[in-house]
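For reference, model-v8.cif (mmCIF, C-alpha atoms):
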data_query
loop_
_atom_site.label_atom_id
_atom_site.label_comp_id
_atom_site.auth_asym_id
_atom_site.auth_seq_id
_atom_site.Cartn_x
_atom_site.Cartn_y
_atom_site.Cartn_z
CA MET L 133 103.57 148.34 213.99
CA SER L 134 102.47 151.30 211.96
CA ASN L 135 98.95 151.84 213.30
CA SER L 136 98.74 150.75 216.91
CA GLU L 137 96.09 152.47 219.02
CA ASN L 138 98.84 154.26 220.84
CA GLU L 139 100.29 155.80 217.73
CA VAL L 140 96.86 157.10 216.75
CA LYS L 141 96.58 158.64 220.20
CA MET L 142 100.05 160.16 219.89
CA GLN L 143 99.24 161.79 216.59
CA ASN L 144 96.38 163.40 218.49
CA LEU L 145 98.58 164.41 221.40
CA SER L 146 97.31 167.93 221.78
CA VAL L 147 100.57 169.61 222.69
CA GLU L 148 101.08 172.96 221.06
CA TYR L 149 104.68 173.43 219.94
CA ARG L 150 106.10 176.66 221.35
CA LEU L 151 109.45 178.37 221.71
CA GLY L 152 111.19 178.01 225.06
CA GLU L 153 110.08 174.42 225.69
CA ALA L 154 111.56 170.96 225.20
CA TYR L 155 109.83 168.22 223.21
CA ILE L 156 110.58 164.53 222.81
CA PRO L 157 109.11 162.31 220.11
CA PHE L 158 107.00 159.39 221.32
CA GLN L 159 108.31 155.92 220.65
CA SER L 160 106.00 153.56 218.77
CA TYR L 161 106.06 149.84 219.37
CA GLY L 162 108.03 147.99 216.70
CA LYS L 163 110.55 145.16 216.59
CA ILE L 164 112.07 143.91 219.83
CA PHE L 165 115.27 142.00 220.71
CA ASP L 166 115.09 138.46 222.09
CA PRO L 167 115.43 138.40 225.91
CA ARG L 168 119.13 137.45 226.10
CA THR L 169 120.14 140.05 223.50
CA ALA L 170 117.96 142.66 225.23
CA LEU L 171 119.69 142.05 228.56
CA MET L 172 123.16 142.17 226.98
CA ASN L 173 122.31 145.37 225.09
CA GLY L 174 120.60 147.09 228.02
CA THR L 175 117.39 147.67 226.07
CA LEU L 176 114.60 145.69 224.44
CA PHE L 177 114.30 148.24 221.65
CA PRO L 178 116.62 148.34 218.61
CA GLU L 179 115.71 151.99 217.96
CA LEU L 180 116.94 152.99 221.45
CA TYR L 181 120.15 150.94 221.33
CA ARG L 182 123.06 153.44 221.17
CA PRO L 183 126.22 151.58 222.15
CA TYR L 184 129.08 153.72 223.40
CA ARG L 185 132.05 153.90 221.07
CA VAL L 186 135.24 155.21 222.59
CA ARG L 187 136.26 158.20 220.50
CA ALA L 188 139.08 157.33 218.10
CA GLU L 189 142.38 159.11 218.71
CA LEU L 190 143.12 161.39 215.77
CA MET P 278 128.25 126.36 246.62
CA TYR P 279 126.15 126.59 243.53
CA SER P 280 126.03 124.82 240.19
CA LYS P 281 126.44 126.03 236.63
CA ASP P 282 122.85 124.85 236.04
CA MET P 283 121.65 127.19 238.78
CA VAL P 284 123.50 130.16 237.34
CA ASP P 285 122.25 129.39 233.81
CA LEU P 286 118.63 129.25 234.97
CA LEU P 287 119.11 132.42 237.01
CA LYS P 288 120.48 134.20 233.92
CA GLU P 289 117.50 133.03 231.89
CA ILE P 290 115.22 134.52 234.56
CA MET P 291 117.24 137.75 234.51
CA ALA P 292 116.80 138.02 230.72
CA VAL P 293 113.03 137.40 230.76
CA ASP P 294 112.50 139.68 233.79
CA PHE P 295 114.45 142.40 232.03
CA VAL P 296 112.06 142.21 229.07
CA VAL P 297 109.08 142.41 231.43
CA TYR P 298 110.54 145.47 233.16
CA GLU P 299 111.38 147.21 229.89
CA LEU P 300 107.84 146.58 228.62
CA ALA P 301 106.38 147.82 231.90
CA LEU P 302 108.22 151.15 231.56
CA PHE P 303 107.01 151.40 227.95
CA LEU P 304 103.43 150.72 229.06
CA ASP P 305 103.62 153.37 231.79
CA THR P 306 103.71 156.00 229.04
CA HIS P 307 101.82 153.93 226.39
CA PRO P 308 98.98 152.30 228.37
CA ASN P 309 96.84 151.89 225.23
CA ASP P 310 99.40 149.94 223.21
CA ARG P 311 97.70 146.57 222.80
CA ARG P 312 100.64 144.76 221.20
CA ALA P 313 103.12 145.86 223.87
CA LEU P 314 100.66 144.77 226.55
CA GLU P 315 100.26 141.33 224.94
CA ASP P 316 104.03 140.89 224.86
CA HIS P 317 104.27 142.10 228.46
CA ASN P 318 101.66 139.58 229.61
CA ASN P 319 103.27 136.70 227.72
CA PHE P 320 106.74 137.44 229.11
CA ALA P 321 105.26 137.92 232.61
CA MET P 322 103.74 134.42 232.43
CA LYS P 323 107.05 133.01 231.19
CA SER P 324 108.81 134.73 234.11
CA ARG P 325 106.43 133.12 236.61
CA GLN P 326 107.04 129.66 235.14
CA LEU P 327 110.81 130.10 235.26
CA ARG P 328 110.72 131.41 238.82
CA GLU P 329 108.63 128.47 240.00
CA MET P 330 111.03 126.06 238.31
CA PHE P 331 114.02 127.78 239.91
CA GLU P 332 112.49 127.90 243.38
CA ARG P 333 111.54 124.19 243.30
CA LYS P 334 115.16 123.31 242.61
CA TYR P 335 117.17 125.95 244.44
CA GLY P 336 114.94 127.68 247.02
CA PRO P 337 113.06 130.99 247.29
CA LEU P 338 114.03 134.11 245.34
CA ILE P 339 111.53 136.18 247.28
CA LEU P 340 110.30 136.05 250.85
CA ASP P 341 106.67 135.26 250.04
CA SER P 342 107.57 132.00 248.29
CA VAL P 343 106.75 128.78 250.14
CA SER P 344 109.85 127.22 251.74
CA GLU P 345 110.86 123.77 252.94
CA PHE P 346 112.13 123.37 256.51
CA PRO P 347 114.47 124.89 257.55
CA TYR P 348 113.79 128.29 255.99
CA GLN P 349 115.62 128.23 252.64
CA TYR P 350 115.56 131.92 251.68
CA ILE P 351 118.61 132.84 253.76
CA ASN P 352 120.87 130.28 252.13
CA ASN P 353 123.69 131.12 249.80
CA PRO P 354 124.37 132.43 247.34
CA TRP P 355 123.41 136.09 247.50
CA PRO P 356 123.38 137.99 244.18
CA TRP P 357 126.68 139.81 244.72
CA GLU P 358 128.47 136.57 245.56
CA ILE P 359 127.73 134.72 242.32
CA ARG P 360 130.17 134.36 239.42
CA TYR P 361 127.81 134.68 236.42
CA MET Q 181 105.79 148.79 249.69
CA TRP Q 182 108.65 146.81 248.23
CA TYR Q 183 109.77 143.18 248.08
CA TYR Q 184 113.37 142.23 247.54
CA VAL Q 185 114.00 139.73 244.73
CA LYS Q 186 117.17 137.76 245.37
CA LYS Q 187 118.79 138.37 241.99
CA LEU Q 188 120.65 141.10 240.13
CA GLN Q 189 119.06 142.83 237.17
CA TYR Q 190 122.27 142.24 235.17
CA PRO Q 191 124.89 139.46 235.66
CA ALA Q 192 127.81 141.63 236.84
CA ASN Q 193 131.22 139.95 236.69
CA VAL Q 194 134.75 141.22 237.21
CA ALA Q 195 137.95 139.64 235.85
CA ARG Q 196 140.20 140.45 238.83
CA THR Q 197 140.60 142.56 241.95
CA ASP Q 198 141.01 146.22 240.97
CA LEU Q 199 140.93 148.62 243.90
CA GLY Q 200 141.58 151.70 241.77
CA MET Q 201 138.52 150.99 239.64
CA ALA Q 202 136.47 150.24 242.76
CA LYS Q 203 137.37 153.71 244.03
CA PHE Q 204 136.18 155.32 240.78
CA LEU Q 205 132.93 153.34 240.85
CA PHE Q 206 131.96 155.03 244.12
CA ALA Q 207 130.99 157.94 241.82
CA GLN Q 208 127.90 155.93 240.91
CA TYR Q 209 127.37 154.45 244.39
CA GLY Q 210 127.20 157.69 246.37
CA GLY Q 211 128.05 160.59 244.06
CA PRO Q 212 125.78 163.42 242.83
CA ASP Q 213 124.62 161.54 239.72
CA SER Q 214 124.77 158.11 241.37
CA GLU Q 215 122.15 155.40 241.19
CA LEU Q 216 121.31 156.23 244.82
CA SER Q 217 120.56 159.85 243.93
CA ALA Q 218 118.48 158.73 240.96
CA SER Q 219 116.37 156.34 243.01
CA ILE Q 220 115.73 158.75 245.90
CA ARG Q 221 115.03 161.59 243.46
CA TYR Q 222 112.34 159.76 241.48
CA LEU Q 223 110.76 158.03 244.47
CA THR Q 224 110.54 161.42 246.21
CA GLN Q 225 109.13 163.36 243.25
CA ARG Q 226 106.42 160.84 242.36
CA TYR Q 227 103.95 162.04 245.02
CA THR Q 228 103.41 165.36 243.27
CA MET Q 229 103.14 164.05 239.70
CA PRO Q 230 99.72 165.03 238.32
CA ILE Q 231 98.91 162.08 236.02
CA PRO Q 232 98.92 158.30 236.51
CA GLN Q 233 101.45 157.67 233.72
CA ALA Q 234 104.02 159.86 235.51
CA LYS Q 235 103.29 158.45 238.98
CA ALA Q 236 103.80 154.94 237.59
CA LEU Q 237 106.94 155.83 235.65
CA LEU Q 238 108.70 157.55 238.55
CA THR Q 239 107.81 154.66 240.84
CA ASP Q 240 109.08 152.04 238.38
CA ILE Q 241 112.25 153.83 237.26
CA GLY Q 242 112.99 154.78 240.89
CA THR Q 243 112.72 151.10 241.77
CA GLU Q 244 114.94 150.06 238.85
CA GLU Q 245 117.58 152.56 240.01
CA LEU Q 246 117.76 150.72 243.34
CA ALA Q 247 118.52 147.57 241.36
CA HIS Q 248 121.28 149.54 239.59
CA TRP Q 249 122.62 150.68 242.95
CA GLU Q 250 122.87 147.01 243.85
CA ILE Q 251 124.76 146.30 240.59
CA ILE Q 252 127.32 149.05 241.36
CA GLY Q 253 127.58 147.68 244.90
CA THR Q 254 128.23 144.23 243.46
CA LEU Q 255 131.02 145.52 241.20
CA ILE Q 256 132.69 147.34 244.11
CA TYR Q 257 132.27 144.30 246.37
CA LYS Q 258 133.82 141.98 243.79
CA LEU Q 259 136.63 144.38 242.85
CA THR Q 260 137.65 144.81 246.52
CA ASP Q 261 137.02 141.26 247.74
CA GLY Q 262 139.93 140.09 249.90
CA ALA Q 263 141.93 143.32 249.68
CA THR Q 264 144.35 144.03 252.54
CA PRO Q 265 144.60 147.40 254.33
CA GLU Q 266 147.96 148.02 252.66
CA GLN Q 267 146.52 147.37 249.19
CA MET Q 268 143.58 149.66 250.00
CA ARG Q 269 146.01 152.38 251.10
CA ARG Q 270 148.08 152.09 247.92
CA ALA Q 271 144.93 152.36 245.78
CA GLY Q 272 143.86 155.59 247.49
CA LEU Q 273 141.26 153.81 249.62
CA GLY Q 274 143.17 154.25 252.90
CA ASP Q 275 140.74 156.98 254.00
CA HIS Q 276 137.83 154.71 253.17
CA PHE Q 277 139.40 151.81 255.06
CA ALA Q 278 139.97 153.92 258.17
CA GLN Q 279 136.27 154.64 258.47
CA HIS Q 280 134.60 151.71 256.72
CA ASP Q 281 137.03 148.77 256.43
CA ASN Q 282 135.86 146.82 253.35
CA ALA Q 283 132.24 147.89 253.79
CA LEU Q 284 130.43 149.83 251.10
CA TYR Q 285 129.42 153.35 252.07
CA PRO Q 286 127.53 155.89 249.95
CA HIS Q 287 130.24 158.42 249.15
CA ASP Q 288 131.57 159.61 245.82
CA ALA Q 289 134.85 158.71 244.09
CA ALA Q 290 136.70 161.23 246.28
CA GLY Q 291 135.09 160.07 249.56
CA VAL Q 292 132.51 162.87 249.87
CA PRO Q 293 129.41 161.41 251.60
CA TRP Q 294 126.07 161.26 249.81
CA THR Q 295 123.66 164.08 250.60
CA ALA Q 296 120.02 164.79 249.77
CA ALA Q 297 121.29 168.14 248.45
CA TYR Q 298 122.11 166.21 245.24
CA ILE Q 299 118.41 165.94 244.44
CA GLN Q 300 115.45 168.27 244.15
CA ALA Q 301 111.68 167.91 244.34
CA THR Q 302 110.11 171.24 243.44
CA GLY Q 303 106.48 170.15 243.39
CA ASP Q 304 106.42 171.47 239.81
CA PRO Q 305 106.16 168.42 237.54
CA ILE Q 306 107.64 170.21 234.51
CA ALA Q 307 110.69 171.33 236.49
CA ASP Q 308 111.10 167.94 238.14
CA LEU Q 309 110.88 166.02 234.84
CA HIS Q 310 113.51 168.31 233.32
CA GLU Q 311 115.76 167.58 236.30
CA ASN Q 312 115.29 163.88 235.61
CA LEU Q 313 116.16 164.25 231.93
CA ALA Q 314 119.34 166.06 232.96
CA ALA Q 315 120.10 163.45 235.62
CA GLU Q 316 119.95 160.66 233.05
CA GLN Q 317 122.37 162.56 230.79
CA LYS Q 318 124.79 163.24 233.66
CA ALA Q 319 124.76 159.57 234.64
CA ARG Q 320 125.30 158.55 230.99
CA ALA Q 321 128.33 160.85 230.78
CA THR Q 322 129.69 159.46 234.07
CA TYR Q 323 129.35 155.89 232.75
CA GLU Q 324 131.33 156.88 229.65
CA HIS Q 325 134.09 158.29 231.87
CA LEU Q 326 134.10 155.12 233.96
CA ILE Q 327 134.24 152.88 230.87
CA SER Q 328 137.32 154.84 229.75
CA LEU Q 329 139.01 154.07 233.08
CA THR Q 330 139.00 150.26 232.87
CA ASP Q 331 139.96 147.40 230.56
CA ASP Q 332 138.09 144.73 232.55
CA PRO Q 333 135.57 143.21 230.08
CA GLY Q 334 133.07 142.30 232.82
CA VAL Q 335 133.13 145.79 234.29
CA ILE Q 336 132.84 147.38 230.83
CA ALA Q 337 129.86 145.17 229.88
CA THR Q 338 128.09 146.02 233.14
CA LEU Q 339 128.74 149.76 232.81
CA ALA Q 340 127.59 149.65 229.17
CA PHE Q 341 124.33 148.07 230.34
CA LEU Q 342 123.81 150.79 232.96
CA ARG Q 343 124.70 153.51 230.43
CA GLU Q 344 122.11 152.19 227.97
CA ARG Q 345 119.45 152.27 230.71
CA GLU Q 346 120.06 156.02 231.04
CA ILE Q 347 119.15 156.42 227.35
CA VAL Q 348 115.93 154.42 227.73
CA HIS Q 349 114.96 156.30 230.90
CA PHE Q 350 115.59 159.62 229.14
CA GLN Q 351 113.11 158.59 226.43
CA ARG Q 352 110.49 157.57 229.01
CA PHE Q 353 110.88 160.77 231.06
CA GLY Q 354 110.55 162.69 227.80
CA GLU Q 355 107.30 160.91 227.02
CA ALA Q 356 106.07 161.61 230.55
CA LEU Q 357 106.97 165.28 230.05
CA MET Q 358 104.88 165.37 226.86
CA LEU Q 359 101.92 163.76 228.63
CA VAL Q 360 102.19 166.15 231.58
CA LYS Q 361 102.38 169.15 229.20
CA GLU Q 362 99.26 167.90 227.41
CA TYR Q 363 97.48 167.54 230.74
CA MET Q 364 98.51 170.99 231.95
CA ASP Q 365 97.67 172.64 228.63
CA LYS Q 366 94.02 171.71 229.10
CA PRO Q 367 92.24 174.94 230.10
CA LYS Q 368 90.97 173.73 233.49
CA HIS Q 369 94.53 172.88 234.54
CA VAL Q 370 96.25 176.10 233.58
CA PHE Q 371 97.95 177.57 236.63
#
Could you quickly redo this structure as structure tokens?
Amino acid sequence: MSNSENEVKMQNLSVEYRLGEAYIPFQSYGKIFDPRTALMNGTLFPELYRPYRVRAEL
Amino acid sequence: MYSKDMVDLLKEIMAVDFVVYELALFLDTHPNDRRALEDHNNFAMKSRQLREMFERKYGPLILDSVSEFPYQYINNPWPWEIRY
Amino acid sequence: MWYYVKKLQYPANVARTDLGMAKFLFAQYGGPDSELSASIRYLTQRYTMPIPQAKALLTDIGTEELAHWEIIGTLIYKLTDGATPEQMRRAGLGDHFAQHDNALYPHDAAGVPWTAAYIQATGDPIADLHENLAAEQKARATYEHLISLTDDPGVIATLAFLREREIVHFQRFGEALMLVKEYMDKPKHVF
């Protein structure tokens, strides 16, 4: 969803970006997994799904 | 003992409840997101229906559910004893 | 207050008894970056969060971590079910057996008991939220180590689920941090 109320609010999030601080982008609500897939993946959100890949031996 | 039907229904509840929980965490930091709230409410209603169906067949999942005599909540299986 | 719901958050299965893996999993049952530490940390810090979003988030993630503690407990229970004292000894769980038999006890993979010294609550919401971001990363790293230590598909699937939760929680704590910063940046709240 490109223009949810929340996203509008987030664009107005009045945080001033400064050195020496950490910032994290806000998630906006988009597509979601079906319940069974969400449970198996450990998240409802495709954009947060980062499955662990065992590092390949070189 | 417990049946495959019981485990399947329990897993369906686990999946829907997981979606509700994930949406609840999202809403904690996005309380004004109307679409996420609609999804949360729909999945929460679905969860209630599934839980009622489960409890009618297999007994309480939570101590404030109404129980037949004798008290059914204590009966097996407990979550760590089930083969899913 | 809390109500117990008689179900796991994730359907945790194991393929076979594996006492060595059970020993390693104690890292997440009673270690520094364990699910127990996570739960107690967030449920302790929530009282001094300044905004409703952060109070809610720490309450709800703290509660979810207790459900994860139960999942780790379930894996250990299933992996050790029916083990004899001699098998426990050979797997390096002789010390555990001497004090706890087959019971679960909150200690780490090396048997060091859980302590509140693993967590902090500074009363400073910015400091506390940064601790939580770090805690989620440390737990994610621990899950990757644990995944590397087993070939049991049920254990791997369960640990992958718990690892992914750390990533989602990191995002949420980050959002809470942004909201708290915004709140504290308002002139009347500068201190």
Using all atoms listed in the file, what table do you get, as CSV, when you list each residue of chain P with an atom no more than 12 Å from stretch 317-341 of chain Q, its nearest pair of atoms, and their distance in Å rounded to one decimal, rows by chain then rising number?
residue,atom,partner,partner_atom,distance
P:Phe295,CA,Q:Phe341,CA,11.5
P:Arg360,CA,Q:Gly334,CA,10.7
P:Tyr361,CA,Q:Gly334,CA,9.9
Identify all chain P residues at most 10 Å from chain Q by counting only C-alpha atoms; ligands do not count. Present them as a ChimeraX atom specification. /P:284,287-288,290-292,294-295,298-299,301-308,337-341,350-351,354-361
So how many Å separate atom CA of Q:Gly242 and atom CA of Q:Gln225, to one decimal? 9.7 Å
Can you tell me, as a PDB file with C-alpha atoms, keeping the file's coordinate frame, what residues are no more than 9 Å from stretch 176-184 of chain L when counting all atoms listed in the file, ignoring any on the same chain fewer than 6 positions away?
ATOM      1  CA  GLN L 159     108.310 155.920 220.650  1.00  0.00           C
ATOM      2  CA  TYR L 161     106.060 149.840 219.370  1.00  0.00           C
ATOM      3  CA  GLY L 162     108.030 147.990 216.700  1.00  0.00           C
ATOM      4  CA  LYS L 163     110.550 145.160 216.590  1.00  0.00           C
ATOM      5  CA  ILE L 164     112.070 143.910 219.830  1.00  0.00           C
ATOM      6  CA  PHE L 165     115.270 142.000 220.710  1.00  0.00           C
ATOM      7  CA  ASP L 166     115.090 138.460 222.090  1.00  0.00           C
ATOM      8  CA  PRO L 167     115.430 138.400 225.910  1.00  0.00           C
ATOM      9  CA  THR L 169     120.140 140.050 223.500  1.00  0.00           C
ATOM     10  CA  ALA L 170     117.960 142.660 225.230  1.00  0.00           C
TER      11      ALA L 170
ATOM     12  CA  PHE P 295     114.450 142.400 232.030  1.00  0.00           C
ATOM     13  CA  VAL P 296     112.060 142.210 229.070  1.00  0.00           C
ATOM     14  CA  GLU P 299     111.380 147.210 229.890  1.00  0.00           C
ATOM     15  CA  LEU P 300     107.840 146.580 228.620  1.00  0.00           C
TER      16      LEU P 300
ATOM     17  CA  GLU Q 324     131.330 156.880 229.650  1.00  0.00           C
ATOM     18  CA  ALA Q 340     127.590 149.650 229.170  1.00  0.00           C
ATOM     19  CA  ARG Q 343     124.700 153.510 230.430  1.00  0.00           C
ATOM     20  CA  GLU Q 344     122.110 152.190 227.970  1.00  0.00           C
ATOM     21  CA  ILE Q 347     119.150 156.420 227.350  1.00  0.00           C
ATOM     22  CA  VAL Q 348     115.930 154.420 227.730  1.00  0.00           C
ATOM     23  CA  GLN Q 351     113.110 158.590 226.430  1.00  0.00           C
TER      24      GLN Q 351
END
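Each of P:Met330, P:Leu286, P:Met278, P:Val293 was compared to chain L using only C-alpha atoms, and P:Val293 turns out to be the nearest.
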Do a neighbour search on Q:Thr243 at 10 Å with all atoms listed in the file, toss out local chain neighbours closer than 6 positions, and write the hits as a compact mmCIF listing (two decimals) with C-alpha atoms, keeping the file's coordinate frame.
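Dumped to selection-v6.txt:
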# COMPACT_ATOMS: atom_id res chain seq x y z
CA TRP Q 182 108.65 146.81 248.23
CA ALA Q 218 118.48 158.73 240.96
CA SER Q 219 116.37 156.34 243.01
CA ILE Q 220 115.73 158.75 245.90
CA TYR Q 222 112.34 159.76 241.48
CA LEU Q 223 110.76 158.03 244.47
CA LEU Q 237 106.94 155.83 235.65
CA TRP Q 249 122.62 150.68 242.95
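From atom CA of P:Glu289 back to atom CA of Q:Leu205, the distance works out to 27.0 Å.
In this structure, atom CA of Q:Lys203 sits 25.6 Å away from atom CA of L:Asn173.
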My list of candidates is P:Asn352, P:Asn309, P:Asn319, P:Ser342. Which is closest to chain L when distances are computed with all atoms listed in the file? P:Asn309
Just the residues within 8 Å of Q:Phe206, please, counting only C-alpha atoms, with nothing from its chain fewer than 3 positions along; format it as number ranges by chain. Q: 202-203, 209-211, 256, 286-289
